[in-house]
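Data first, discussion second: the structure below is written as structure tokens.
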Number of protein chains: 2
Amino acid sequence: MYERKIPLTIDCGLHLTKEVLNGKWKPALLNAISMDVKRPSEILRLLQGVTRRVLTVQLKELEEHGMVEKKIYPQLPPKVEYSLTAIGWSLMPIIDALNQWGDTNRRFLETVITQDPKTTQVSKSPCPAYRHLLSERKIG
Amino acid sequence: MYERKIPLTIDCGLHLTKEVLNGKWKPALLNAISMDVKRPSEILRLLQGVTRRVLTVQLKELEEHGMVEKKIYPQLPPKVEYSLTAIGWSLMPIIDALNQWGDTNRRFLETVITQDPKTTQVSKSPCPAYRHLLSERKIG
DNA sequence: TAGCATAGGGATAAAATTATCCCTTATGTC
DNA sequence: GACATAAGGGATAATTTTATCCCTATGCTA
């Protein structure tokens, strides 16, 4: 397994939180799970762009960091369900805020990000419509 | 200059926001600037751990993304001041929330992060006390 | 005059993160 | 039998991000 060589900076809350959300799909995963999309295969279908491998790895990190819980059903083919822990739920207002801020400023952000010289192309597949899956989140 | 090879995913708000905050020091930089620590040299002293090079680069990205504005004073030695733009300010509630969440859950997070097998060491230099620099933020 | 401070940036090395590919398990279907 | 499904993980390549090092400019100070 990979081992970090440069000490992690966790001096202020910002860095701690950043570490938890560190991963291309982490916020999206938490969001999906909060919307009751909880089986890896479902998530994979919903979030087009994630790789199966990366999904597995990032879910595992979220689990190790205590944000999600994993329930394994002793079946074949295997069935697994992830759910948010209490502390994972406590992140949701922030995830929502991040999501809303991005959507609110989409016009502007798309422009500046696209004009970024280092960005040549952009993938804009339609955003998965989590919201219609559940009218409200199930808590717990 | 470096050019991205894999298209950026910006399909949902979460990804857009992530892109803006993407960078080891971005949230901390926005926070510092919001606290009126606005000259690069000041920031460098405050945020021990950042490299001068990385500071320059990430400030530039924040500027290109429209989150901060740069004011150059035609002096020698050079004097530069960064300040938040309107949209930059609109991120501050989120930055605050990220910061608070991390601080609130520090005990727990330090534990899980430290137990992470890939994390061997951690840098816990005292968190820069932005808060005492200003009792309130100056807006604008 | 040597050295410091101030801000920026090029070039490149190192580190960290993601992507790709392949293998395992066991049941069900064509 | 071949293949799909479901989840996981090892090994390694590719990509992206950070770190290091060095050079620019000018006025001030020891």
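Labeling convention for the structure tokens: chains A, B, ... as they appear, residues from 1 per chain, ligands from 1 in order of appearance.
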Selection: 10 Å around D:DA14, only C-alpha atoms (C1' of nucleotides), excl. self and same-chain fewer than 6 positions, as a ChimeraX atom specification | /B:5 /C:18-20
Select residues of chain A: the criterion is any atom within 8 Å of an atom of chain B, counting only C-alpha atoms; output as an MDAnalysis selection string.
-> chainID A and resid 1:18 27:28 64:66 91 94:95 97:104 106 109:110 112:113 116:128
Please produce, as a tab-separated table, a per-residue contact table for chain D versus chain A (criterion: any atom at most 7 Å away, only C-alpha atoms (C1' of nucleotides) considered), showing the nearest atom pair and its distance in Å to one decimal, sorted by chain then residue number.
residue	atom	partner	partner_atom	distance
D:DT5	C1'	A:Pro77	CA	6.7
D:DA6	C1'	A:Pro77	CA	4.8
D:DA7	C1'	A:Pro78	CA	6.0
Please, which residues of chain A, numbered as in this document, come out strand (DSSP E) from DSSP, as a VMD selection string?
-> chain A and resid 8 to 9 68 to 73 79 to 84 122 to 123
Which residues of chain C are close to chain B, meaning at most 9 Å apart when you count only C-alpha atoms (C1' of nucleotides), and how do they look as a list in words?
->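 Contact residues on the first chain: DA5, DT6, DA7, DG8 and DG9 of chain C.
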Can you list, as a ChimeraX atom specification, every residue of stretch 40-139 of chain A that DSSP puts in helix (DSSP H, G or I)?
-> /A:40-46,52-64,86-89,92-104,106-115,130-132
Put those residues in a file: C-alpha atoms, as a PDB file, in the first residue's frame.
ATOM      1  CA  PRO A  40     -21.658   0.341  -5.267  1.00  0.00           C
ATOM      2  CA  SER A  41     -23.229  -0.843  -8.504  1.00  0.00           C
ATOM      3  CA  GLU A  42     -25.930   1.809  -8.207  1.00  0.00           C
ATOM      4  CA  ILE A  43     -23.414   4.512  -7.506  1.00  0.00           C
ATOM      5  CA  LEU A  44     -21.385   3.376 -10.444  1.00  0.00           C
ATOM      6  CA  ARG A  45     -24.365   3.747 -12.729  1.00  0.00           C
ATOM      7  CA  LEU A  46     -25.338   7.096 -11.276  1.00  0.00           C
ATOM      8  CA  ARG A  52     -14.991   0.768 -10.344  1.00  0.00           C
ATOM      9  CA  ARG A  53     -11.550   0.700  -8.830  1.00  0.00           C
ATOM     10  CA  VAL A  54     -11.590   4.294  -7.718  1.00  0.00           C
ATOM     11  CA  LEU A  55     -15.076   3.902  -6.352  1.00  0.00           C
ATOM     12  CA  THR A  56     -13.955   0.985  -4.216  1.00  0.00           C
ATOM     13  CA  VAL A  57     -10.915   2.831  -2.949  1.00  0.00           C
ATOM     14  CA  GLN A  58     -12.662   6.059  -2.107  1.00  0.00           C
ATOM     15  CA  LEU A  59     -15.551   4.323  -0.409  1.00  0.00           C
ATOM     16  CA  LYS A  60     -13.043   2.465   1.676  1.00  0.00           C
ATOM     17  CA  GLU A  61     -11.341   5.694   2.678  1.00  0.00           C
ATOM     18  CA  LEU A  62     -14.653   7.248   3.628  1.00  0.00           C
ATOM     19  CA  GLU A  63     -15.300   4.178   5.709  1.00  0.00           C
ATOM     20  CA  GLU A  64     -11.896   4.321   7.371  1.00  0.00           C
ATOM     21  CA  ALA A  86     -23.745  10.344  12.317  1.00  0.00           C
ATOM     22  CA  ILE A  87     -20.628  12.323  11.626  1.00  0.00           C
ATOM     23  CA  GLY A  88     -21.081  11.666   7.933  1.00  0.00           C
ATOM     24  CA  TRP A  89     -24.557  13.147   8.117  1.00  0.00           C
ATOM     25  CA  MET A  92     -24.266  17.027   4.527  1.00  0.00           C
ATOM     26  CA  PRO A  93     -25.172  20.663   5.115  1.00  0.00           C
ATOM     27  CA  ILE A  94     -21.693  21.512   3.895  1.00  0.00           C
ATOM     28  CA  ILE A  95     -21.920  19.220   0.904  1.00  0.00           C
ATOM     29  CA  ASP A  96     -25.235  20.797   0.058  1.00  0.00           C
ATOM     30  CA  ALA A  97     -23.734  24.240   0.361  1.00  0.00           C
ATOM     31  CA  LEU A  98     -20.841  23.297  -1.923  1.00  0.00           C
ATOM     32  CA  ASN A  99     -23.287  21.897  -4.411  1.00  0.00           C
ATOM     33  CA  GLN A 100     -25.549  24.901  -4.335  1.00  0.00           C
ATOM     34  CA  TRP A 101     -22.751  27.385  -4.580  1.00  0.00           C
ATOM     35  CA  GLY A 102     -21.454  25.640  -7.668  1.00  0.00           C
ATOM     36  CA  ASP A 103     -24.865  25.489  -9.281  1.00  0.00           C
ATOM     37  CA  THR A 104     -25.697  29.067  -8.397  1.00  0.00           C
ATOM     38  CA  ARG A 106     -22.401  27.800 -12.791  1.00  0.00           C
ATOM     39  CA  ARG A 107     -22.500  30.311 -15.622  1.00  0.00           C
ATOM     40  CA  PHE A 108     -19.580  32.248 -14.236  1.00  0.00           C
ATOM     41  CA  LEU A 109     -17.567  29.265 -13.109  1.00  0.00           C
ATOM     42  CA  GLU A 110     -17.855  27.417 -16.367  1.00  0.00           C
ATOM     43  CA  THR A 111     -16.491  30.466 -18.092  1.00  0.00           C
ATOM     44  CA  VAL A 112     -13.471  31.022 -15.891  1.00  0.00           C
ATOM     45  CA  ILE A 113     -12.670  27.349 -15.646  1.00  0.00           C
ATOM     46  CA  THR A 114     -12.908  26.865 -19.366  1.00  0.00           C
ATOM     47  CA  GLN A 115     -10.711  29.858 -20.040  1.00  0.00           C
ATOM     48  CA  TYR A 130     -30.410  12.494  -7.393  1.00  0.00           C
ATOM     49  CA  ARG A 131     -33.182  14.689  -6.230  1.00  0.00           C
ATOM     50  CA  HIS A 132     -35.987  12.849  -7.890  1.00  0.00           C
TER      51      HIS A 132
END
Å distance separating atom C1' of C:DC30 from atom C1' of D:DA4, one decimal place | 10.6 Å
Interatomic distance (Å, one decimal) between atom CA of A:Leu29 and atom C1' of C:DT17 = 16.9 Å
Interatomic distance, atom C1' of D:DA25 to atom CA of B:Ala32 (Å, one decimal) =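 Going from atom C1' of D:DA25 over to atom CA of B:Ala32 covers 27.6 Å.
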